[in-house]
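Participant: This is my_file-v3.tsv, which holds TSV, C-alpha atoms and all ligand atoms:
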```
chain	number	residue	atom	x	y	z
V	1204	MET	CA	-16.71	-43.41	9.61
V	1205	VAL	CA	-15.56	-39.80	9.55
V	1206	ALA	CA	-12.09	-38.79	10.71
V	1207	LYS	CA	-12.29	-36.48	13.61
V	1208	ASP	CA	-9.48	-34.14	12.37
V	1209	SER	CA	-10.91	-33.57	8.94
V	1210	VAL	CA	-13.07	-30.47	8.43
V	1211	TRP	CA	-16.02	-30.48	6.20
V	1212	VAL	CA	-16.02	-27.57	3.78
V	1213	SER	CA	-19.16	-26.54	1.99
V	1214	PRO	CA	-19.04	-26.84	-1.88
V	1215	LEU	CA	-20.11	-23.17	-2.00
V	1216	VAL	CA	-16.87	-22.19	-0.27
V	1217	TRP	CA	-14.84	-24.24	-2.79
V	1218	LEU	CA	-16.73	-22.54	-5.57
V	1219	PHE	CA	-15.92	-19.12	-4.11
V	1220	VAL	CA	-12.21	-20.00	-3.73
V	1221	GLY	CA	-12.18	-21.30	-7.32
V	1222	LEU	CA	-13.69	-18.08	-8.61
V	1223	LEU	CA	-11.08	-16.03	-6.73
V	1224	ILE	CA	-8.17	-18.03	-8.21
V	1225	GLY	CA	-9.70	-17.94	-11.70
V	1226	THR	CA	-10.22	-14.18	-11.58
V	1227	GLY	CA	-6.62	-13.70	-10.40
V	1228	ILE	CA	-5.18	-15.75	-13.24
V	1229	GLY	CA	-7.46	-14.04	-15.78
V	1230	TYR	CA	-6.49	-10.59	-14.56
V	1231	THR	CA	-2.79	-11.45	-14.81
V	1232	PHE	CA	-3.14	-12.53	-18.45
V	1233	TYR	CA	-5.29	-9.47	-19.15
V	1234	GLN	CA	-2.54	-7.21	-17.80
V	1235	THR	CA	0.10	-9.00	-19.88
V	1236	ASP	CA	-2.08	-8.67	-22.95
V	1237	ILE	CA	-2.56	-4.89	-22.53
V	1238	ALA	CA	1.18	-4.47	-21.92
V	1239	ALA	CA	1.87	-6.05	-25.31
V	1240	TYR	CA	-0.06	-3.28	-26.97
V	1241	LEU	CA	1.39	-0.37	-25.04
V	1242	PRO	CA	4.57	1.25	-26.40
V	1243	HIS	CA	7.60	0.24	-24.49
V	1244	PRO	CA	9.38	3.31	-23.19
V	1245	SER	CA	12.53	2.52	-25.18
V	1246	SER	CA	10.53	2.30	-28.41
V	1247	ILE	CA	9.19	5.85	-28.22
V	1248	VAL	CA	10.80	8.00	-30.91
V	1249	THR	CA	10.91	11.73	-30.42
V	1250	GLU	CA	10.93	13.60	-33.71
V	1251	THR	CA	12.59	16.97	-34.00
V	1252	VAL	CA	10.97	19.16	-36.63
V	1253	SER	CA	13.46	21.58	-38.09
V	1254	THR	CA	12.50	24.70	-39.99
V	1255	SER	CA	13.76	23.14	-43.23
V	1256	THR	CA	11.03	20.48	-43.09
V	1257	VAL	CA	8.25	23.04	-42.75
V	1258	VAL	CA	6.44	23.53	-46.04
V	1259	PRO	CA	7.11	27.13	-47.06
V	1260	ALA	CA	4.38	29.51	-48.03
V	1261	ASN	CA	4.21	30.30	-51.70
V	1262	PRO	CA	7.02	32.67	-52.54
V	1263	VAL	CA	6.45	36.27	-53.52
V	1264	VAL	CA	8.78	38.06	-55.91
V	1265	ASN	CA	8.93	41.81	-55.44
V	1266	ILE	CA	10.22	43.86	-58.35
V	1267	ILE	CA	10.51	47.62	-58.41
V	1268	VAL	CA	10.83	49.51	-61.67
V	1269	ILE	CA	13.03	52.49	-60.93
V	1270	PRO	CA	13.47	55.18	-63.58
V	1271	ASP	CA	17.01	56.50	-64.12
V	1272	TRP	CA	18.45	53.84	-61.77
V	1273	GLY	CA	21.72	53.69	-63.67
V	1274	GLY	CA	21.93	57.29	-64.78
V	1275	ALA	CA	19.64	59.39	-66.95
V	1276	THR	CA	17.15	57.21	-68.90
V	1277	TYR	CA	18.72	53.94	-67.68
V	1278	ASP	CA	15.57	52.51	-66.12
V	1279	ALA	CA	15.81	49.15	-64.37
V	1280	PHE	CA	13.96	46.23	-62.83
V	1281	ILE	CA	15.26	46.07	-59.25
V	1282	ILE	CA	14.90	43.05	-56.96
V	1283	PRO	CA	15.08	44.58	-53.45
V	1284	THR	CA	16.30	41.32	-51.85
V	1285	ASN	CA	19.23	41.22	-54.30
V	1286	ALA	CA	20.14	44.86	-53.96
V	1287	ASN	CA	21.53	44.59	-50.40
V	1288	GLY	CA	22.13	48.30	-50.30
V	1289	THR	CA	24.49	48.28	-53.27
V	1290	ILE	CA	24.62	51.52	-55.16
V	1291	PRO	CA	24.81	50.99	-58.90
V	1292	LYS	CA	27.44	52.72	-60.92
V	1293	PRO	CA	25.81	55.53	-62.91
V	1294	ALA	CA	25.68	54.78	-66.61
V	1295	THR	CA	25.87	57.17	-69.48
V	1296	ASN	CA	25.90	56.67	-73.20
V	1297	SER	CA	29.68	56.62	-73.11
V	1298	SER	CA	30.27	54.37	-70.07
V	1299	SER	CA	28.90	50.94	-69.38
V	1300	PRO	CA	26.21	50.57	-66.71
V	1301	GLY	CA	27.07	49.34	-63.25
V	1302	PRO	CA	26.22	45.90	-61.93
V	1303	ASN	CA	22.67	45.15	-60.86
V	1304	ASP	CA	21.67	41.62	-59.92
V	1305	ASN	CA	18.05	41.39	-60.97
V	1306	ASN	CA	18.02	37.65	-61.56
V	1307	ILE	CA	15.25	35.67	-59.88
V	1308	THR	CA	15.53	32.05	-58.70
V	1309	LEU	CA	12.26	30.12	-58.38
V	1310	PRO	CA	11.16	26.59	-57.50
V	1311	VAL	CA	9.55	24.47	-60.21
V	1312	ASP	CA	5.83	23.63	-60.04
V	1313	MET	CA	5.01	26.20	-57.39
V	1314	PRO	CA	2.70	29.18	-57.89
V	1315	VAL	CA	4.72	32.34	-57.38
V	1316	ARG	CA	3.14	35.70	-56.82
V	1317	PHE	CA	4.80	38.60	-58.60
V	1318	VAL	CA	4.33	42.12	-57.29
V	1319	ILE	CA	5.76	44.79	-59.57
V	1320	THR	CA	5.84	48.35	-58.31
V	1321	ASN	CA	6.33	50.73	-61.18
V	1322	LEU	CA	7.69	54.03	-59.88
V	1323	ASP	CA	8.13	55.41	-63.38
V	1324	THR	CA	5.66	58.08	-64.51
V	1325	ALA	CA	6.81	58.10	-68.13
V	1326	LEU	CA	4.53	57.03	-70.98
V	1327	ASN	CA	6.62	55.05	-73.45
V	1328	LEU	CA	4.16	52.77	-75.25
V	1329	ASN	CA	0.50	52.36	-76.08
V	1330	PHE	CA	-0.05	48.78	-74.97
V	1331	THR	CA	-2.75	47.05	-77.00
V	1332	GLY	CA	-3.75	43.43	-77.30
V	1333	ASN	CA	-5.49	40.59	-75.52
V	1334	VAL	CA	-4.63	39.52	-71.99
V	1335	THR	CA	-2.56	36.32	-72.08
V	1336	LEU	CA	-2.15	35.93	-68.31
V	1337	PRO	CA	-4.53	37.34	-65.67
V	1338	PHE	CA	-3.18	40.30	-63.72
V	1339	THR	CA	-4.36	43.01	-61.35
V	1340	ILE	CA	-3.40	46.68	-61.53
V	1341	TYR	CA	-3.63	48.89	-58.46
V	1342	ASN	CA	-4.15	52.51	-59.44
V	1343	ASP	CA	-3.70	55.53	-57.26
V	1344	THR	CA	-6.73	57.79	-57.38
V	1345	ALA	CA	-7.92	60.83	-55.45
V	1346	THR	CA	-10.15	58.56	-53.39
V	1347	GLY	CA	-7.56	55.86	-52.73
V	1348	GLN	CA	-5.94	52.86	-54.32
V	1349	PHE	CA	-8.17	50.26	-55.89
V	1350	PRO	CA	-7.54	47.08	-57.90
V	1351	VAL	CA	-8.66	46.47	-61.47
V	1352	GLN	CA	-8.67	42.83	-62.56
V	1353	TYR	CA	-7.81	41.82	-66.15
V	1354	ASN	CA	-8.66	38.32	-67.33
V	1355	THR	CA	-7.40	36.10	-70.13
V	1356	GLY	CA	-8.78	37.02	-73.53
V	1357	GLN	CA	-9.84	40.49	-72.46
V	1358	SER	CA	-8.90	43.25	-74.90
V	1359	VAL	CA	-6.77	45.96	-73.35
V	1360	LYS	CA	-5.49	49.32	-74.49
V	1361	MET	CA	-3.53	51.46	-72.09
V	1362	PRO	CA	-0.50	53.75	-72.06
V	1363	VAL	CA	2.42	52.14	-70.22
V	1364	SER	CA	5.92	53.01	-69.05
V	1365	HIS	CA	7.21	49.48	-69.43
V	1366	THR	CA	6.13	45.88	-69.96
V	1367	PHE	CA	7.11	42.66	-68.21
V	1368	VAL	CA	7.62	39.92	-70.78
V	1369	VAL	CA	9.04	36.42	-70.20
V	1370	ALA	CA	10.52	34.79	-73.30
V	1371	ALA	CA	8.95	31.51	-74.46
V	1372	THR	CA	5.92	31.95	-72.18
V	1373	ASN	CA	2.51	33.67	-72.32
V	1374	VAL	CA	3.70	36.38	-69.92
V	1375	ASN	CA	3.20	39.85	-71.39
V	1376	ILE	CA	2.16	42.26	-68.67
V	1377	PRO	CA	1.60	46.01	-69.16
V	1378	LEU	CA	3.12	48.28	-66.50
V	1379	PRO	CA	1.20	51.56	-66.46
V	1380	PRO	CA	2.87	54.58	-64.81
V	1381	ASP	CA	2.82	54.85	-61.03
V	1382	THR	CA	0.98	51.58	-60.35
V	1383	ILE	CA	1.42	48.24	-58.64
V	1384	ILE	CA	0.81	45.16	-60.80
V	1385	THR	CA	0.34	41.63	-59.45
V	1386	PHE	CA	-0.02	38.22	-61.11
V	1387	THR	CA	0.80	34.59	-60.39
V	1388	LEU	CA	3.19	32.42	-62.40
V	1389	THR	CA	3.86	28.70	-62.14
V	1390	PHE	CA	6.89	27.41	-64.00
V	1391	THR	CA	6.46	23.71	-64.76
V	1392	LYS	CA	9.81	23.21	-66.52
V	1393	PRO	CA	13.23	23.87	-64.99
V	1394	GLY	CA	15.36	26.20	-67.04
V	1395	VAL	CA	16.52	29.76	-67.54
V	1396	TYR	CA	13.95	32.25	-68.83
V	1397	MET	CA	14.82	35.76	-69.90
V	1398	TYR	CA	12.47	38.52	-68.79
V	1399	PHE	CA	12.55	41.97	-70.31
V	1400	CYS	CA	10.67	45.12	-71.22
V	1401	THR	CA	9.43	45.77	-74.75
V	1402	ALA	CA	8.58	49.46	-74.35
V	1403	PRO	CA	11.05	51.89	-75.92
V	1404	CYS	CA	12.13	53.25	-72.55
V	1405	GLY	CA	15.75	54.17	-73.19
V	1406	PRO	CA	19.20	52.55	-73.23
V	1407	GLY	CA	18.27	50.33	-70.26
V	1408	MET	CA	15.96	48.45	-72.60
V	1409	GLY	CA	17.50	45.13	-73.60
V	1410	LEU	CA	20.36	45.68	-71.17
V	1411	LEU	CA	21.06	42.89	-68.67
V	1412	GLY	CA	20.72	44.21	-65.14
V	1413	TYR	CA	18.47	47.03	-66.29
V	1414	MET	CA	15.27	46.33	-68.21
V	1415	GLU	CA	16.35	42.72	-68.60
V	1416	GLY	CA	17.15	39.79	-66.29
V	1417	TYR	CA	16.88	36.04	-65.91
V	1418	ILE	CA	14.41	33.82	-64.08
V	1419	ILE	CA	16.20	30.64	-63.05
V	1420	VAL	CA	13.74	27.80	-62.39
V	1421	ALA	CA	15.32	24.89	-60.54
W	1501	CU	CU	11.17	49.55	-70.05
```
Could you render the structure from this file as structure tokens?
Ligand SMILES: [Cu+2]

Facilitator:
Amino acid sequence: MVAKDSVWVSPLVWLFVGLLIGTGIGYTFYQTDIAAYLPHPSSIVTETVSTSTVVPANPVVNIIVIPDWGGATYDAFIIPTNANGTIPKPATNSSSPGPNDNNITLPVDMPVRFVITNLDTALNLNFTGNVTLPFTIYNDTATGQFPVQYNTGQSVKMPVSHTFVVAATNVNIPLPPDTIITFTLTFTKPGVYMYFCTAPCGPGMGLLGYMEGYIIVA
């Protein structure tokens, strides 16, 4: 006997309802699962990159050799960034030369490009020997300025105004008159290195602040 108020429902309908409920539950868990992998808004960290954290380009040291910088025959290595418009006190044989900060501070283990502009036209030394550190000399000619590359071991002989020598290193660079000379140095040990000129160029030779200065590697 079948109750009159009960309604017969087809098994297919039950199956359909079951599928609907199952899909709903599955979707809910799926959403929860995805949420676990998404960053919560409060966990997002905004980084501020300051200029001090930017890796700097390899430094370049500019040096100008100026004849008679501190008075007649007192030639000098000048670091333009140190000069700051200061006018050196003229030096004579009877008075001491004025101050000239031509010290150079460099980072350790970083290739540093040196660019030396020699404004002196004097010929003070016949530089001869083998190249101990590669360098490039830019000569002025009637047809323009062109580079000449010198490599380690190469024999050289040329008249120069000055030289750029760094004590306790293989740096011994000839500075011909009226040229620009470039080379790259990497100091691997912190310390203080004296640089100087070995050409007999006058009383500025061997004088701190003139043809002599310090490279401070820190
Ligand atoms: Cu010199």

Participant: Could you list as a PyMOL selection string every residue that has an atom within 12 Å of (5.0, 47.0, -58.4), using the file's coordinates and counting only C-alpha atoms?

Facilitator: chain V and resi 1263-1269+1280-1283+1316-1323+1338-1342+1365-1367+1376-1386

Participant: For ligand CU 1501 (chain W), which residue out of V:Ala1402, V:Val1395, V:Met1313, V:Ala1421 is the nearest one, using only C-alpha atoms and all ligand atoms?

Facilitator: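 Selected residue with least distance to ligand CU 1501 (chain W): V:Ala1402.
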
Participant: What is the CA of Gln1352 (chain V) to CA of Cys1400 (chain V) distance in Å?

Facilitator: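 A separation of 21.3 Å between them.
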
Participant: May I ask which of the residues V:Gly1394, V:Gly1416, V:Pro1406, V:Pro1314 is the closest one to Trp1272 (chain V), counting only C-alpha atoms?

Facilitator: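 For Trp1272 (chain V), the nearest of the candidates is V:Pro1406.
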
Participant: Using only C-alpha atoms and all ligand atoms, find each residue with an atom at most 8 Å away from ligand CU 1501 (chain W) and format the answer as a PyMOL selection string.

Facilitator: chain V and resi 1278-1279+1327+1364-1366+1399-1405+1407-1408+1414

Participant: Create the file for the chosen residues now, containing C-alpha atoms and written as a short mmCIF file (atom, residue, chain, number, x, y, z; two decimals), in the coordinates of the input.

Facilitator:
```
data_model
loop_
_atom_site.label_atom_id
_atom_site.label_comp_id
_atom_site.auth_asym_id
_atom_site.auth_seq_id
_atom_site.Cartn_x
_atom_site.Cartn_y
_atom_site.Cartn_z
CA ASP V 1278 15.57 52.51 -66.12
CA ALA V 1279 15.81 49.15 -64.37
CA ASN V 1327 6.62 55.05 -73.45
CA SER V 1364 5.92 53.01 -69.05
CA HIS V 1365 7.21 49.48 -69.43
CA THR V 1366 6.13 45.88 -69.96
CA PHE V 1399 12.55 41.97 -70.31
CA CYS V 1400 10.67 45.12 -71.22
CA THR V 1401 9.43 45.77 -74.75
CA ALA V 1402 8.58 49.46 -74.35
CA PRO V 1403 11.05 51.89 -75.92
CA CYS V 1404 12.13 53.25 -72.55
CA GLY V 1405 15.75 54.17 -73.19
CA GLY V 1407 18.27 50.33 -70.26
CA MET V 1408 15.96 48.45 -72.60
CA MET V 1414 15.27 46.33 -68.21
#
```

Participant: Please compute the CA of Thr1331 (chain V)-CA of Asn1375 (chain V) distance, one decimal, in Å.

Facilitator: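 Going from CA of Thr1331 (chain V) over to CA of Asn1375 (chain V), I get 10.9 Å.
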
Participant: Tell me which of V:Gly1409, V:Thr1324, V:Thr1335, V:Ala1371 sits closest to Gln1357 (chain V), counting all atoms listed in the file.

Facilitator: V:Thr1335

Participant: May I have the protein, DNA and RNA residues with an atom at most 9 Å from (6.1, 31.7, -65.4), counting all atoms listed in the file in the file's coordinates, returned as a count of residues only?

Facilitator: 13

Participant: Kindly give the distance, in Å, that separates CA of Gly1274 (chain V) and CA of Pro1362 (chain V), rounded to a single decimal.

Facilitator: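 The value is 23.8 Å.
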
Participant: Could you give me, as number ranges by chain, the residues within 6 Å of Tyr1417 (chain V), counting only C-alpha atoms and dropping anything in the same chain fewer than 5 positions from it?

Facilitator: V: 1306, 1396-1398

Participant: Box in all listed atoms of region 1401-1417 of chain V, axis-aligned, with 4 Å more on each side; write out centre and edge lengths in Å to one decimal as JSON.

Facilitator:
```
{"center_x": 14.8, "center_y": 45.1, "center_z": -70.5, "size_x": 20.5, "size_y": 26.1, "size_z": 18.8}
```

Participant: Rank V:Val1351, V:Val1210, V:Ala1294, V:Val1359 by their smallest atom-to-atom distance to Gly1332 (chain V), using all atoms listed in the file, and report the top residue only.

Facilitator: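 Using all atoms listed in the file, Gly1332 (chain V) sits closest to V:Val1359.
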
Participant: Closest to Asn1285 (chain V) among V:Pro1270, V:Gly1347, V:Pro1302, V:Pro1310, using all atoms listed in the file?

Facilitator: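 Smallest distance to Asn1285 (chain V) is found for V:Pro1302.
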
Participant: Let me make sure I understand: among V:Thr1344, V:Ile1307, V:Asp1271, V:Val1334, which one has the smallest atom-to-atom distance to Pro1291 (chain V) if we use only C-alpha atoms?

Facilitator: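 Residue with the minimum atom-to-atom distance to Pro1291 (chain V): V:Asp1271.
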